[in-house]
$ cat input_11.txt   # compact mmCIF, C-alpha atoms
# COMPACT_ATOMS: atom_id res chain seq x y z
CA MET S 1002 5.92 23.83 14.52
CA SER S 1003 2.64 21.95 14.86
CA ILE S 1004 0.73 18.76 14.39
CA THR S 1005 -3.04 18.70 14.10
CA ILE S 1006 -4.97 15.44 14.39
CA PRO S 1007 -8.54 16.35 13.48
CA LYS S 1008 -11.39 13.92 14.07
CA THR S 1009 -13.78 15.28 11.43
CA LEU S 1010 -13.46 16.44 7.83
CA ALA S 1011 -14.77 19.86 8.84
CA ASP S 1012 -11.84 20.18 11.26
CA VAL S 1013 -9.42 19.03 8.52
CA TYR S 1014 -10.73 21.78 6.23
CA ALA S 1015 -10.44 24.35 9.02
CA ALA S 1016 -6.85 23.28 9.75
CA LEU S 1017 -5.90 23.52 6.06
CA ASP S 1018 -7.55 26.93 5.76
CA ASP S 1019 -5.54 28.10 8.78
CA ASP S 1020 -2.28 26.93 7.28
CA ALA S 1021 -2.22 26.47 3.53
CA ASP S 1022 1.34 25.10 3.67
CA ALA S 1023 0.54 22.34 6.14
CA GLN S 1024 1.61 18.90 5.00
CA ILE S 1025 -1.27 16.43 4.81
CA LEU S 1026 -0.29 13.07 6.33
CA ALA S 1027 -2.20 9.95 5.28
CA GLY S 1028 -0.43 6.60 5.81
CA GLY S 1029 2.98 8.26 5.70
CA THR S 1030 4.63 5.46 3.73
CA ASP S 1031 5.88 7.81 0.99
CA PHE S 1032 6.08 11.03 2.99
CA MET S 1033 8.17 9.65 5.86
CA VAL S 1034 10.77 8.23 3.48
CA GLU S 1035 11.31 11.74 2.14
CA VAL S 1036 11.48 13.14 5.67
CA ASN S 1037 13.87 10.41 6.88
CA PHE S 1038 16.20 11.08 3.96
CA GLY S 1039 16.15 14.82 4.56
CA HIS S 1040 14.34 15.68 1.33
CA ARG S 1041 11.60 17.37 3.31
CA ARG S 1042 11.54 19.12 6.64
CA PRO S 1043 7.91 19.64 7.57
CA THR S 1044 6.99 22.37 10.02
CA SER S 1045 3.26 21.75 10.25
CA VAL S 1046 1.38 18.53 9.64
CA VAL S 1047 -2.31 17.71 9.46
CA ALA S 1048 -2.70 13.98 10.12
CA LEU S 1049 -5.79 12.30 8.68
CA GLY S 1050 -5.60 9.05 10.67
CA ALA S 1051 -8.32 9.94 13.18
CA VAL S 1052 -10.94 11.07 10.64
CA ARG S 1053 -13.65 8.41 10.63
CA GLU S 1054 -15.39 9.87 7.56
CA LEU S 1055 -12.36 8.94 5.45
CA ARG S 1056 -12.28 5.30 6.52
CA GLY S 1057 -13.69 2.18 4.92
CA TRP S 1058 -15.75 1.82 1.75
CA ARG S 1059 -19.41 1.46 0.88
CA ARG S 1060 -21.46 0.38 -2.08
CA ASP S 1061 -23.87 2.88 -3.58
CA GLY S 1062 -25.78 1.08 -6.36
CA ASP S 1063 -23.23 0.14 -9.00
CA THR S 1064 -20.60 2.47 -7.55
CA LEU S 1065 -18.10 1.77 -4.81
CA VAL S 1066 -17.24 4.79 -2.71
CA ILE S 1067 -13.81 4.12 -1.24
CA GLY S 1068 -12.79 6.44 1.59
CA GLY S 1069 -9.52 8.28 1.00
CA GLY S 1070 -8.21 6.73 4.22
CA CYS S 1071 -9.06 3.16 3.19
CA THR S 1072 -5.89 1.09 3.57
CA TYR S 1073 -4.48 -1.42 1.09
CA ARG S 1074 -5.15 -4.03 3.77
CA GLU S 1075 -8.87 -3.26 3.61
CA LEU S 1076 -8.87 -3.36 -0.19
CA GLN S 1077 -7.47 -6.91 -0.03
CA GLU S 1078 -10.37 -8.23 2.01
CA PRO S 1079 -12.66 -10.77 0.30
CA ALA S 1080 -15.80 -8.61 0.51
CA PHE S 1081 -14.03 -5.91 -1.51
CA ALA S 1082 -12.04 -8.28 -3.72
CA THR S 1083 -15.17 -9.91 -5.15
CA LEU S 1084 -16.47 -6.51 -6.30
CA VAL S 1085 -13.28 -5.03 -7.82
CA PRO S 1086 -10.80 -7.90 -8.08
CA ALA S 1087 -8.12 -5.98 -9.98
CA LEU S 1088 -7.95 -3.31 -7.29
CA ALA S 1089 -7.66 -5.94 -4.57
CA VAL S 1090 -4.82 -7.66 -6.43
CA ALA S 1091 -3.02 -4.35 -6.96
CA ALA S 1092 -3.39 -3.57 -3.24
CA ARG S 1093 -1.93 -6.97 -2.36
CA THR S 1094 1.21 -6.24 -4.38
CA VAL S 1095 1.94 -3.02 -2.48
CA GLY S 1096 5.02 -3.23 -0.23
CA SER S 1097 4.62 -5.59 2.70
CA PRO S 1098 1.98 -6.19 5.39
CA GLN S 1099 3.53 -3.33 7.39
CA ILE S 1100 3.04 -0.95 4.45
CA ARG S 1101 -0.42 -2.22 3.51
CA ASN S 1102 -1.64 -1.82 7.10
CA VAL S 1103 -1.18 1.94 6.95
CA GLY S 1104 -0.85 3.03 3.29
CA THR S 1105 -4.08 4.43 1.86
CA ILE S 1106 -5.70 4.72 -1.55
CA GLY S 1107 -6.03 8.48 -1.03
CA GLY S 1108 -2.31 8.67 -0.40
CA ASN S 1109 -1.52 6.60 -3.50
CA VAL S 1110 -3.57 9.01 -5.64
CA ALA S 1111 -2.26 12.17 -3.97
CA THR S 1112 1.39 11.10 -4.23
CA ALA S 1113 0.79 10.60 -7.96
CA SER S 1114 3.88 8.50 -8.50
CA PRO S 1115 4.15 7.10 -12.05
CA ALA S 1116 4.55 3.75 -10.25
CA GLY S 1117 1.53 4.04 -7.91
CA ASP S 1118 0.19 0.48 -7.84
CA THR S 1119 -3.53 1.23 -7.66
CA LEU S 1120 -3.39 3.89 -10.37
CA PRO S 1121 -3.54 1.64 -13.48
CA VAL S 1122 -6.61 -0.06 -12.02
CA LEU S 1123 -8.27 3.26 -11.20
CA ALA S 1124 -7.47 4.50 -14.73
CA ALA S 1125 -8.91 1.37 -16.36
CA LEU S 1126 -12.04 1.69 -14.23
CA ASP S 1127 -12.48 5.39 -15.13
CA ALA S 1128 -12.45 6.20 -11.42
CA THR S 1129 -13.40 9.62 -10.14
CA ILE S 1130 -11.69 11.40 -7.27
CA THR S 1131 -13.72 13.42 -4.78
CA LEU S 1132 -11.85 16.45 -3.46
CA GLY S 1133 -13.25 18.23 -0.45
CA SER S 1134 -12.49 21.58 1.13
CA SER S 1135 -14.31 24.24 3.13
CA ARG S 1136 -15.60 25.49 -0.24
CA GLY S 1137 -17.41 22.18 -0.93
CA VAL S 1138 -16.62 19.09 -2.95
CA ARG S 1139 -15.67 18.54 -6.59
CA HIS S 1140 -15.32 15.37 -8.60
CA VAL S 1141 -12.53 14.92 -11.12
CA THR S 1142 -11.34 12.03 -13.26
CA LEU S 1143 -7.93 10.48 -12.61
CA PRO S 1144 -6.34 12.04 -15.74
CA GLU S 1145 -7.76 15.42 -14.70
CA PHE S 1146 -6.20 15.03 -11.28
CA ILE S 1147 -2.80 13.48 -12.01
CA VAL S 1148 -1.09 15.53 -14.70
CA GLY S 1149 2.56 14.53 -14.34
CA PRO S 1150 5.02 12.64 -12.16
CA LYS S 1151 4.01 13.58 -8.60
CA ARG S 1152 2.01 16.49 -10.05
CA THR S 1153 -1.68 16.92 -9.35
CA THR S 1154 -4.30 19.61 -9.81
CA ARG S 1155 -5.09 19.63 -6.08
CA ILE S 1156 -5.89 23.14 -4.88
CA ALA S 1157 -4.61 24.35 -1.48
CA GLY S 1158 -7.07 23.44 1.24
CA GLU S 1159 -8.31 20.33 -0.54
CA VAL S 1160 -8.13 16.75 0.63
CA ILE S 1161 -9.06 13.50 -1.16
CA VAL S 1162 -12.33 12.48 0.45
CA ASP S 1163 -13.02 9.37 -1.60
CA VAL S 1164 -12.28 7.49 -4.80
CA ARG S 1165 -15.24 6.13 -6.77
CA VAL S 1166 -15.13 3.12 -9.03
CA PRO S 1167 -17.87 1.20 -10.82
CA VAL S 1168 -18.78 -2.40 -10.00
CA LEU S 1169 -18.47 -3.91 -13.47
CA ASP S 1170 -19.76 -7.18 -14.89
CA GLY S 1171 -16.72 -8.88 -16.42
CA PRO S 1172 -13.30 -10.34 -15.65
CA GLN S 1173 -10.41 -8.18 -14.45
CA GLU S 1174 -6.65 -8.58 -14.21
CA TYR S 1175 -3.80 -6.67 -12.60
CA LEU S 1176 -0.21 -7.72 -13.33
CA LYS S 1177 3.07 -6.22 -12.15
CA ILE S 1178 6.73 -6.77 -12.94
CA GLY S 1179 9.37 -6.21 -10.26
CA THR S 1180 12.49 -7.85 -8.89
CA ARG S 1181 10.56 -9.90 -6.33
CA ASN S 1182 6.95 -10.61 -5.42
CA ALA S 1183 6.90 -8.38 -2.35
CA MET S 1184 8.29 -5.01 -1.40
CA VAL S 1185 8.82 -3.86 -4.92
CA ILE S 1186 8.21 -0.73 -6.94
CA ALA S 1187 6.77 -1.68 -10.31
CA VAL S 1188 9.07 -1.78 -13.32
CA ALA S 1189 5.87 -2.04 -15.34
CA ASP S 1190 2.31 -2.86 -14.36
CA LEU S 1191 -0.98 -3.21 -16.11
CA ALA S 1192 -4.70 -3.38 -15.41
CA LEU S 1193 -7.22 -4.92 -17.77
CA VAL S 1194 -10.95 -4.83 -17.13
CA VAL S 1195 -13.89 -5.94 -19.21
CA ASP S 1196 -17.28 -4.30 -19.00
CA ARG S 1197 -19.62 -6.89 -20.48
CA ARG S 1198 -22.68 -4.67 -20.21
CA GLY S 1199 -21.00 -1.65 -21.78
CA ARG S 1200 -19.10 -3.95 -24.19
CA THR S 1201 -15.75 -2.32 -23.57
CA VAL S 1202 -12.26 -3.60 -22.84
CA ARG S 1203 -10.17 -1.16 -20.81
CA CYS S 1204 -6.43 -1.40 -20.35
CA ALA S 1205 -4.11 0.94 -18.42
CA LEU S 1206 -0.33 0.87 -18.08
CA GLY S 1207 1.72 1.99 -15.08
CA SER S 1208 5.42 2.87 -14.64
CA VAL S 1209 5.87 3.27 -18.39
CA GLY S 1210 5.09 6.97 -18.73
CA PRO S 1211 4.92 10.21 -16.75
CA THR S 1212 1.42 9.22 -15.64
CA VAL S 1213 -0.68 6.11 -16.07
CA LEU S 1214 -1.51 5.61 -19.75
CA ARG S 1215 -4.54 4.03 -21.36
CA ALA S 1216 -3.77 1.59 -24.19
CA THR S 1217 -6.59 3.00 -26.28
CA GLU S 1218 -5.58 1.41 -29.59
CA ALA S 1219 -5.47 -2.04 -28.00
CA GLU S 1220 -8.79 -1.37 -26.27
CA THR S 1221 -10.60 -0.44 -29.48
CA TRP S 1222 -9.12 -3.37 -31.35
CA ALA S 1223 -10.03 -5.86 -28.58
CA ARG S 1224 -13.57 -4.64 -28.40
CA GLU S 1225 -13.99 -5.41 -32.12
CA GLN S 1226 -12.50 -8.90 -31.83
CA ILE S 1227 -14.87 -10.13 -29.15
CA ASP S 1228 -18.20 -11.67 -30.06
CA TRP S 1229 -20.08 -9.94 -27.25
CA SER S 1230 -23.22 -12.10 -27.54
CA SER S 1231 -21.28 -15.29 -26.73
CA GLY S 1232 -18.37 -13.59 -24.97
CA SER S 1233 -15.97 -15.61 -27.07
CA ILE S 1234 -13.13 -14.81 -29.40
CA ALA S 1235 -11.74 -16.89 -32.27
CA ALA S 1236 -8.10 -18.02 -32.60
CA ALA S 1237 -7.27 -16.58 -29.20
CA ASP S 1238 -3.51 -17.25 -29.08
CA ALA S 1239 -2.54 -15.13 -32.06
CA LEU S 1240 -4.95 -12.43 -30.94
CA CYS S 1241 -3.46 -12.28 -27.45
CA ALA S 1242 -0.04 -11.68 -28.96
CA GLU S 1243 -1.47 -8.94 -31.14
CA PHE S 1244 -3.20 -7.33 -28.17
CA GLY S 1245 0.13 -7.31 -26.35
CA GLN S 1246 1.92 -5.67 -29.27
CA LEU S 1247 -0.78 -3.03 -29.62
CA ALA S 1248 -0.71 -2.26 -25.89
CA ALA S 1249 3.07 -1.86 -26.00
CA THR S 1250 2.73 0.85 -28.64
CA SER S 1251 0.92 2.99 -26.05
CA ALA S 1252 3.80 2.79 -23.55
CA ARG S 1253 6.14 5.78 -23.24
CA PRO S 1254 8.84 4.27 -21.02
CA ILE S 1255 12.20 5.74 -20.05
CA ASP S 1256 15.56 4.32 -18.97
CA ASP S 1257 16.14 4.82 -15.26
CA HIS S 1258 17.78 3.15 -12.26
CA ARG S 1259 14.99 0.58 -12.05
CA SER S 1260 14.91 -0.65 -15.64
CA THR S 1261 15.36 0.23 -19.28
CA ALA S 1262 12.76 1.59 -21.66
CA ALA S 1263 13.17 -1.44 -23.92
CA TYR S 1264 12.61 -3.91 -21.09
CA ARG S 1265 9.57 -1.99 -19.91
CA ARG S 1266 8.02 -1.93 -23.39
CA ARG S 1267 8.61 -5.65 -23.77
CA GLY S 1268 7.19 -6.12 -20.26
CA VAL S 1269 3.99 -4.36 -21.23
CA GLU S 1270 3.69 -6.57 -24.30
CA VAL S 1271 4.03 -9.76 -22.24
CA LEU S 1272 1.75 -8.56 -19.42
CA ALA S 1273 -0.94 -7.36 -21.82
CA ALA S 1274 -0.97 -10.63 -23.77
CA ARG S 1275 -1.09 -12.62 -20.52
CA ALA S 1276 -3.85 -10.50 -19.01
CA PHE S 1277 -5.88 -10.66 -22.22
CA ARG S 1278 -5.54 -14.46 -22.34
CA ARG S 1279 -6.67 -14.79 -18.73
CA VAL S 1280 -9.57 -12.42 -19.20
CA LEU S 1281 -10.77 -14.21 -22.35
CA ALA S 1282 -10.69 -17.55 -20.59
CA ARG S 1283 -13.18 -16.16 -18.09
CA MET S 1284 -15.40 -14.26 -20.52
CA GLY S 1285 -18.10 -16.91 -20.39
CA ASP S 1286 -18.01 -17.18 -16.57
CA GLY S 1287 -20.45 -15.53 -14.24
CA ARG S 1288 -17.80 -13.04 -13.15
CA MET O 289 9.76 28.14 15.64
CA THR O 290 8.41 26.45 18.74
CA ALA O 291 9.24 22.85 19.43
CA LEU O 292 6.64 20.17 20.06
CA HIS O 293 5.84 18.51 23.36
CA TYR O 294 3.70 15.43 23.48
CA GLN O 295 3.23 12.09 25.20
CA LEU O 296 3.58 8.61 23.75
CA ARG O 297 2.20 5.48 25.39
CA VAL O 298 4.78 2.74 24.90
CA ASN O 299 4.46 -0.74 26.43
CA GLY O 300 1.79 0.56 28.80
CA ARG O 301 3.86 3.49 30.10
CA ALA O 302 3.46 7.15 29.29
CA HIS O 303 6.60 8.89 28.06
CA ASP O 304 7.10 12.62 27.63
CA VAL O 305 8.65 13.71 24.37
CA ARG O 306 9.97 17.24 24.74
CA ASP O 307 11.53 19.78 22.40
CA ALA O 308 10.75 17.59 19.44
CA HIS O 309 10.73 18.28 15.73
CA VAL O 310 7.45 17.46 14.03
CA GLY O 311 9.18 15.32 11.39
CA GLU O 312 10.72 12.82 13.83
CA SER O 313 9.85 9.20 13.12
CA LEU O 314 8.58 6.85 15.78
CA LEU O 315 11.74 4.80 15.26
CA GLY O 316 13.93 7.79 16.05
CA VAL O 317 11.92 8.72 19.13
CA LEU O 318 11.88 5.15 20.49
CA ARG O 319 15.64 4.73 20.16
CA ASP O 320 17.13 8.19 20.57
CA ARG O 321 14.73 9.75 23.05
CA LEU O 322 13.24 6.84 25.00
CA GLY O 323 16.30 4.58 24.96
CA LEU O 324 14.34 1.59 23.68
CA TYR O 325 17.05 0.06 21.51
CA GLY O 326 15.26 -3.24 20.84
CA THR O 327 13.59 -1.69 17.80
CA LYS O 328 16.30 -1.64 15.11
CA GLY O 329 16.82 0.94 12.41
CA ALA O 330 18.32 0.07 9.05
CA CYS O 331 16.74 1.19 5.80
CA GLU O 332 14.50 3.95 7.16
CA GLN O 333 12.26 3.52 4.14
CA GLY O 334 9.96 0.70 5.18
CA GLU O 335 11.74 -1.97 3.20
CA CYS O 336 13.54 -4.08 5.81
CA GLY O 337 11.07 -4.50 8.67
CA SER O 338 13.75 -4.30 11.40
CA CYS O 339 11.77 -1.53 13.09
CA SER O 340 8.45 -3.43 13.17
CA VAL O 341 6.29 -2.45 16.14
CA LEU O 342 2.59 -2.54 16.93
CA VAL O 343 0.55 0.67 16.98
CA ASP O 344 -2.92 -0.01 18.40
CA GLY O 345 -2.38 -3.67 17.55
CA THR O 346 -1.44 -2.98 13.92
CA LEU O 347 1.93 -4.13 12.59
CA VAL O 348 3.83 -1.14 11.19
CA CYS O 349 7.33 0.03 10.38
CA ALA O 350 8.20 2.55 13.10
CA CYS O 351 10.40 4.43 10.62
CA LEU O 352 7.31 5.32 8.57
CA VAL O 353 5.23 6.51 11.50
CA LEU O 354 5.37 10.21 12.29
CA ALA O 355 5.93 9.94 16.04
CA ALA O 356 3.75 12.91 16.93
CA SER O 357 0.84 11.40 15.02
CA ALA O 358 0.97 8.35 17.33
CA MET O 359 0.09 10.28 20.48
CA GLY O 360 -2.88 8.61 22.12
CA ALA O 361 -2.08 5.25 20.52
CA ALA O 362 -0.91 2.12 22.35
CA ILE O 363 2.58 1.34 21.06
CA THR O 364 4.16 -2.08 21.67
CA THR O 365 7.84 -2.71 21.03
CA ILE O 366 9.90 -5.88 21.49
CA GLU O 367 10.66 -4.74 25.07
CA GLY O 368 6.94 -4.86 25.84
CA ILE O 369 5.92 -8.27 24.51
CA SER O 370 6.89 -10.13 27.69
CA PRO O 371 8.00 -9.32 31.24
CA ASP O 372 11.71 -8.61 31.70
CA GLY O 373 13.82 -11.74 31.48
CA VAL O 374 10.99 -13.94 30.23
CA LEU O 375 10.90 -15.18 26.64
CA THR O 376 7.65 -15.62 24.74
CA ASP O 377 7.11 -18.96 23.01
CA VAL O 378 8.03 -17.27 19.72
CA GLN O 379 11.32 -15.97 21.11
CA LYS O 380 12.10 -19.35 22.66
CA ALA O 381 11.39 -21.12 19.36
CA PHE O 382 13.70 -18.68 17.53
CA VAL O 383 16.49 -19.62 19.94
CA ASP O 384 15.77 -23.35 19.90
CA CYS O 385 15.52 -23.56 16.11
CA GLY O 386 18.61 -21.46 15.43
CA ALA O 387 16.53 -18.76 13.74
CA VAL O 388 18.88 -16.10 15.10
CA GLN O 389 22.28 -15.50 13.55
CA CYS O 390 23.44 -11.87 13.67
CA GLY O 391 20.17 -11.05 15.42
CA PHE O 392 19.59 -7.64 13.87
CA CYS O 393 16.30 -8.60 12.18
CA THR O 394 15.12 -10.70 15.13
CA PRO O 395 13.09 -8.14 17.13
CA GLY O 396 11.15 -7.11 14.04
CA LEU O 397 10.60 -10.70 13.00
CA VAL O 398 9.45 -11.75 16.48
CA ILE O 399 6.91 -8.91 16.54
CA ALA O 400 5.72 -9.83 13.03
CA VAL O 401 5.41 -13.53 13.89
CA GLN O 402 3.56 -12.87 17.16
CA HIS O 403 1.18 -10.59 15.29
CA LEU O 404 0.63 -13.13 12.51
CA LEU O 405 -0.09 -16.02 14.88
CA GLU O 406 -2.59 -13.94 16.84
CA GLN O 407 -4.56 -13.36 13.67
CA ASN O 408 -3.91 -16.68 11.99
CA PRO O 409 -2.91 -19.46 14.41
CA ALA O 410 -2.10 -21.96 11.63
CA PRO O 411 -0.80 -20.13 8.56
CA THR O 412 -0.12 -22.00 5.33
CA GLU O 413 3.36 -21.75 3.85
CA LEU O 414 2.20 -19.05 1.42
CA GLU O 415 0.46 -17.09 4.16
CA LEU O 416 3.59 -17.28 6.31
CA LYS O 417 5.88 -16.14 3.51
CA GLU O 418 3.53 -13.30 2.60
CA ALA O 419 3.18 -12.23 6.24
CA LEU O 420 6.97 -12.07 6.68
CA SER O 421 7.73 -10.62 3.24
CA GLY O 422 8.40 -7.22 4.80
CA ASN O 423 11.05 -8.51 7.23
CA ILE O 424 14.42 -9.01 5.64
CA CYS O 425 16.98 -11.43 7.11
CA ARG O 426 20.32 -11.64 5.33
CA CYS O 427 21.79 -14.47 7.44
CA THR O 428 19.45 -17.39 7.86
CA GLY O 429 17.92 -17.85 4.44
CA TYR O 430 14.60 -18.01 6.33
CA GLY O 431 14.51 -21.81 6.64
CA ARG O 432 15.11 -21.78 10.38
CA ILE O 433 12.77 -18.84 10.87
CA PHE O 434 9.96 -20.76 9.17
CA ALA O 435 10.91 -23.81 11.26
CA ALA O 436 10.60 -21.71 14.41
CA VAL O 437 7.14 -20.53 13.39
CA ASP O 438 6.10 -24.13 12.65
CA ALA O 439 7.37 -25.15 16.08
CA VAL O 440 5.27 -22.48 17.79
CA VAL O 441 2.18 -23.46 15.80
CA GLU O 442 2.69 -27.10 16.78
CA LEU O 443 3.31 -26.28 20.42
CA ARG O 444 0.30 -24.02 20.70
CA SER O 445 -2.04 -26.48 18.99
CA ALA O 446 -0.88 -29.24 21.36
CA ARG O 447 -1.79 -27.15 24.40
$ encode --input "input_11.txt" --output "structure tokens"
Amino acid sequence: MSITIPKTLADVYAALDDDADAQILAGGTDFMVEVNFGHRRPTSVVALGAVRELRGWRRDGDTLVIGGGCTYRELQEPAFATLVPALAVAARTVGSPQIRNVGTIGGNVATASPAGDTLPVLAALDATITLGSSRGVRHVTLPEFIVGPKRTTRIAGEVIVDVRVPVLDGPQEYLKIGTRNAMVIAVADLALVVDRRGRTVRCALGSVGPTVLRATEAETWAREQIDWSSGSIAAADALCAEFGQLAATSARPIDDHRSTAAYRRRGVEVLAARAFRRVLARMGDGR
Amino acid sequence: MTALHYQLRVNGRAHDVRDAHVGESLLGVLRDRLGLYGTKGACEQGECGSCSVLVDGTLVCACLVLAASAMGAAITTIEGISPDGVLTDVQKAFVDCGAVQCGFCTPGLVIAVQHLLEQNPAPTELELKEALSGNICRCTGYGRIFAAVDAVVELRSAR
């Protein structure tokens, strides 16, 4: 029985090479629930909390490099929120202050829950995940990494070093349905981002499929509706409804203890229309 | 399988934790090993906030902290926020405003309120509700808790 609390990534890699079955502990907000309820009985743990290289975030040109150990609390801060507003909003909807103080973006990605709150935003942003091990680093896209509910393509010995997202020019939205505003696991959630320079509209759906899903049909349609030179769109109300309906066709929801498939599909329709309306209203703005 | 031995620093005092299992939560260690029963356990999944404590000044749910991972950190529980027998202004306001009914959520709420007011001495209503959204009280309906916080804010600003 052991716990290792390395201070450097090199020591993390060494600890994971020593013990391939060691449980990696990030914020612990998912893992400890499973332990407390007896679903897991860890014998060796490698805790990442003391690794400075995994903390914080930095801007590298038009890319944000977010450390795997960056907490939701840090993602909410104004300096970050102005660069990737949808990710900051998603972070703010996670759990409670107690959860956001310790839960990390690396943990959210590694846990790979279909209801991970940051995942729709990361999918819409075409984020890449940096995986490090003693063998070096590799970069994978989110759909390459998360392949099913709580299933990833992580190889033994690897740890999520950072998550990279672009700083885009264009409005962004993140919306979530749950039973209250705080402390809730999403029944359905959605991220919508506009890339004015690349002239794309990107929409991703959470909690309505085995993994996050991109609403590709709605994206393609929306891109054709927008007059990109003026940033405007004609007859917006009817088009928002249509965007919502198209987005809902991409959902693959199920009935479970949290909601029904029908409610989730309808939820996506409403959220998508609302997000599209909000985004369009800001298309002419500076941000 | 060998058991773990480590030390935790709680309320300024070092405590030995012996023959431990690596999966034990900080909540379990505080209550069952160290006899610090002020920190309450209820949901054990981070939803109720009754086990709120400070780890290196950060508000956390003790049930979601792997105790062994907190070695070296400064842990503050409700027992450590004031000398024995002395109430903080937050605790006094809770009593005066009737913000305590069954009392189960109170230690967690007091820790959360103290922590909030250190960072934000005059929270707006939204900031207050958001800050306490992880602490569930099933008795008071929160009105008297918010009144207690307002009373502390007023008292401190008058000083």
$ interface_residues --input "input_11.txt" --of "chain O" --to "chain S" --cutoff "7 Å" --atoms "all atoms listed in the file" --output "PyMOL selection string"
chain O and resi 289-292+310-311+332-333+335+346-349+352-353+357+419+421-422
$ closest_residue --input "input_11.txt" --among "S:Leu1088, S:Ile1234, S:Ile1161, S:Leu1132" --to "Arg1056 of chain S" --atoms "only C-alpha atoms"
S:Ile1161
$ atom_distance --input "input_11.txt" --atom1 "atom CA of Glu1159 of chain S" --atom2 "atom CA of Arg1053 of chain S"
17.2 Å
$ residues_around --input "input_11.txt" --residues "Lys380 of chain O" --least-positions-apart "3" --cutoff "12 Å" --atoms "all atoms listed in the file" --output "list in words"
Ser370, Gly373, Val374, Leu375, Thr376, Asp377, Val383, Asp384, Cys385, Gly386, Ala387, Val388, Thr394, Val398, Ile433, Ala436, Val437, Ala439, Val440 and Leu443 of chain O
$ write_last_selection --input "input_11.txt" --atoms "C-alpha atoms" --output "compact mmCIF listing (two decimals), in the coordinates of the input"
# COMPACT_ATOMS: atom_id res chain seq x y z
CA SER O 370 6.89 -10.13 27.69
CA GLY O 373 13.82 -11.74 31.48
CA VAL O 374 10.99 -13.94 30.23
CA LEU O 375 10.90 -15.18 26.64
CA THR O 376 7.65 -15.62 24.74
CA ASP O 377 7.11 -18.96 23.01
CA VAL O 383 16.49 -19.62 19.94
CA ASP O 384 15.77 -23.35 19.90
CA CYS O 385 15.52 -23.56 16.11
CA GLY O 386 18.61 -21.46 15.43
CA ALA O 387 16.53 -18.76 13.74
CA VAL O 388 18.88 -16.10 15.10
CA THR O 394 15.12 -10.70 15.13
CA VAL O 398 9.45 -11.75 16.48
CA ILE O 433 12.77 -18.84 10.87
CA ALA O 436 10.60 -21.71 14.41
CA VAL O 437 7.14 -20.53 13.39
CA ALA O 439 7.37 -25.15 16.08
CA VAL O 440 5.27 -22.48 17.79
CA LEU O 443 3.31 -26.28 20.42
$ residues_around --input "input_11.txt" --residues "segment 1164-1175 of chain S" --least-positions-apart "3" --cutoff "7 Å" --atoms "all atoms listed in the file" --output "PyMOL selection string"
chain S and resi 1063-1069+1084-1087+1090-1091+1126+1128-1131+1191-1198+1276+1280+1283-1284+1288
$ residues_around --input "input_11.txt" --residues "Pro411 of chain O" --least-positions-apart "3" --cutoff "12 Å" --atoms "only C-alpha atoms" --output "list of chain:residue names"
O:Val401, O:His403, O:Leu404, O:Leu405, O:Glu406, O:Gln407, O:Asn408, O:Leu414, O:Glu415, O:Leu416, O:Lys417, O:Glu418, O:Ala419, O:Leu420, O:Phe434, O:Val437, O:Asp438, O:Val440, O:Val441, O:Glu442
$ closest_residue --input "input_11.txt" --among "O:Ser338, O:Ser445, O:Thr428, O:Thr364" --to "Ala410 of chain O" --atoms "all atoms listed in the file"
O:Ser445
$ residues_around --input "input_11.txt" --residues "Gly1268 of chain S" --least-positions-apart "4" --cutoff "10 Å" --atoms "all atoms listed in the file" --output "ChimeraX atom specification"
/S:1177-1178,1188-1191,1209,1245,1249,1262-1264,1272-1274
$ atom_distance --input "input_11.txt" --atom1 "atom CA of Cys1071 of chain S" --atom2 "atom CA of Pro1121 of chain S"
17.6 Å
$ atom_distance --input "input_11.txt" --atom1 "atom CA of Asn299 of chain O" --atom2 "atom CA of Asp372 of chain O"
11.9 Å
$ closest_residue --input "input_11.txt" --among "O:Arg447, O:Leu315, O:Asp307, O:Ala361" --to "Gly329 of chain O" --atoms "only C-alpha atoms"
O:Leu315
$ closest_residue --input "input_11.txt" --among "S:Asp1019, S:Ser1134, S:Arg1074, S:Thr1142" --to "Gly1158 of chain S" --atoms "all atoms listed in the file"
S:Ser1134
$ closest_residue --input "input_11.txt" --among "S:Pro1115, S:Gly1199, S:Gly1108, S:Pro1144" --to "Val1162 of chain S" --atoms "all atoms listed in the file"
S:Gly1108
$ residues_near_point --input "input_11.txt" --point "(2.2, -0.7, 19.4)" --cutoff "10 Å" --atoms "only C-alpha atoms" --output "number ranges by chain"
O: 297-300, 340-348, 350, 358, 361-366, 368-369, 399
$ closest_residue --input "input_11.txt" --among "O:Ala302, O:Cys393, O:Ala446, O:Cys427" --to "Gly337 of chain O" --atoms "all atoms listed in the file"
O:Cys393
$ decode --input "input_11.txt" --residues "segment 1244-1256 of chain S" --atoms "C-alpha atoms" --output "PDB file, in the first residue's frame"
ATOM      1  CA  PHE S1244     -30.780  25.469 -35.777  1.00  0.00           C
ATOM      2  CA  GLY S1245     -32.203  23.976 -32.589  1.00  0.00           C
ATOM      3  CA  GLN S1246     -34.086  21.280 -34.483  1.00  0.00           C
ATOM      4  CA  LEU S1247     -31.025  20.395 -36.545  1.00  0.00           C
ATOM      5  CA  ALA S1248     -28.817  20.203 -33.446  1.00  0.00           C
ATOM      6  CA  ALA S1249     -31.324  17.897 -31.755  1.00  0.00           C
ATOM      7  CA  THR S1250     -31.037  15.426 -34.634  1.00  0.00           C
ATOM      8  CA  SER S1251     -27.387  14.888 -33.665  1.00  0.00           C
ATOM      9  CA  ALA S1252     -28.255  13.905 -30.080  1.00  0.00           C
ATOM     10  CA  ARG S1253     -28.227  10.201 -29.160  1.00  0.00           C
ATOM     11  CA  PRO S1254     -29.775  10.376 -25.689  1.00  0.00           C
ATOM     12  CA  ILE S1255     -30.895   7.525 -23.457  1.00  0.00           C
ATOM     13  CA  ASP S1256     -33.431   7.138 -20.646  1.00  0.00           C
TER      14      ASP S1256
END
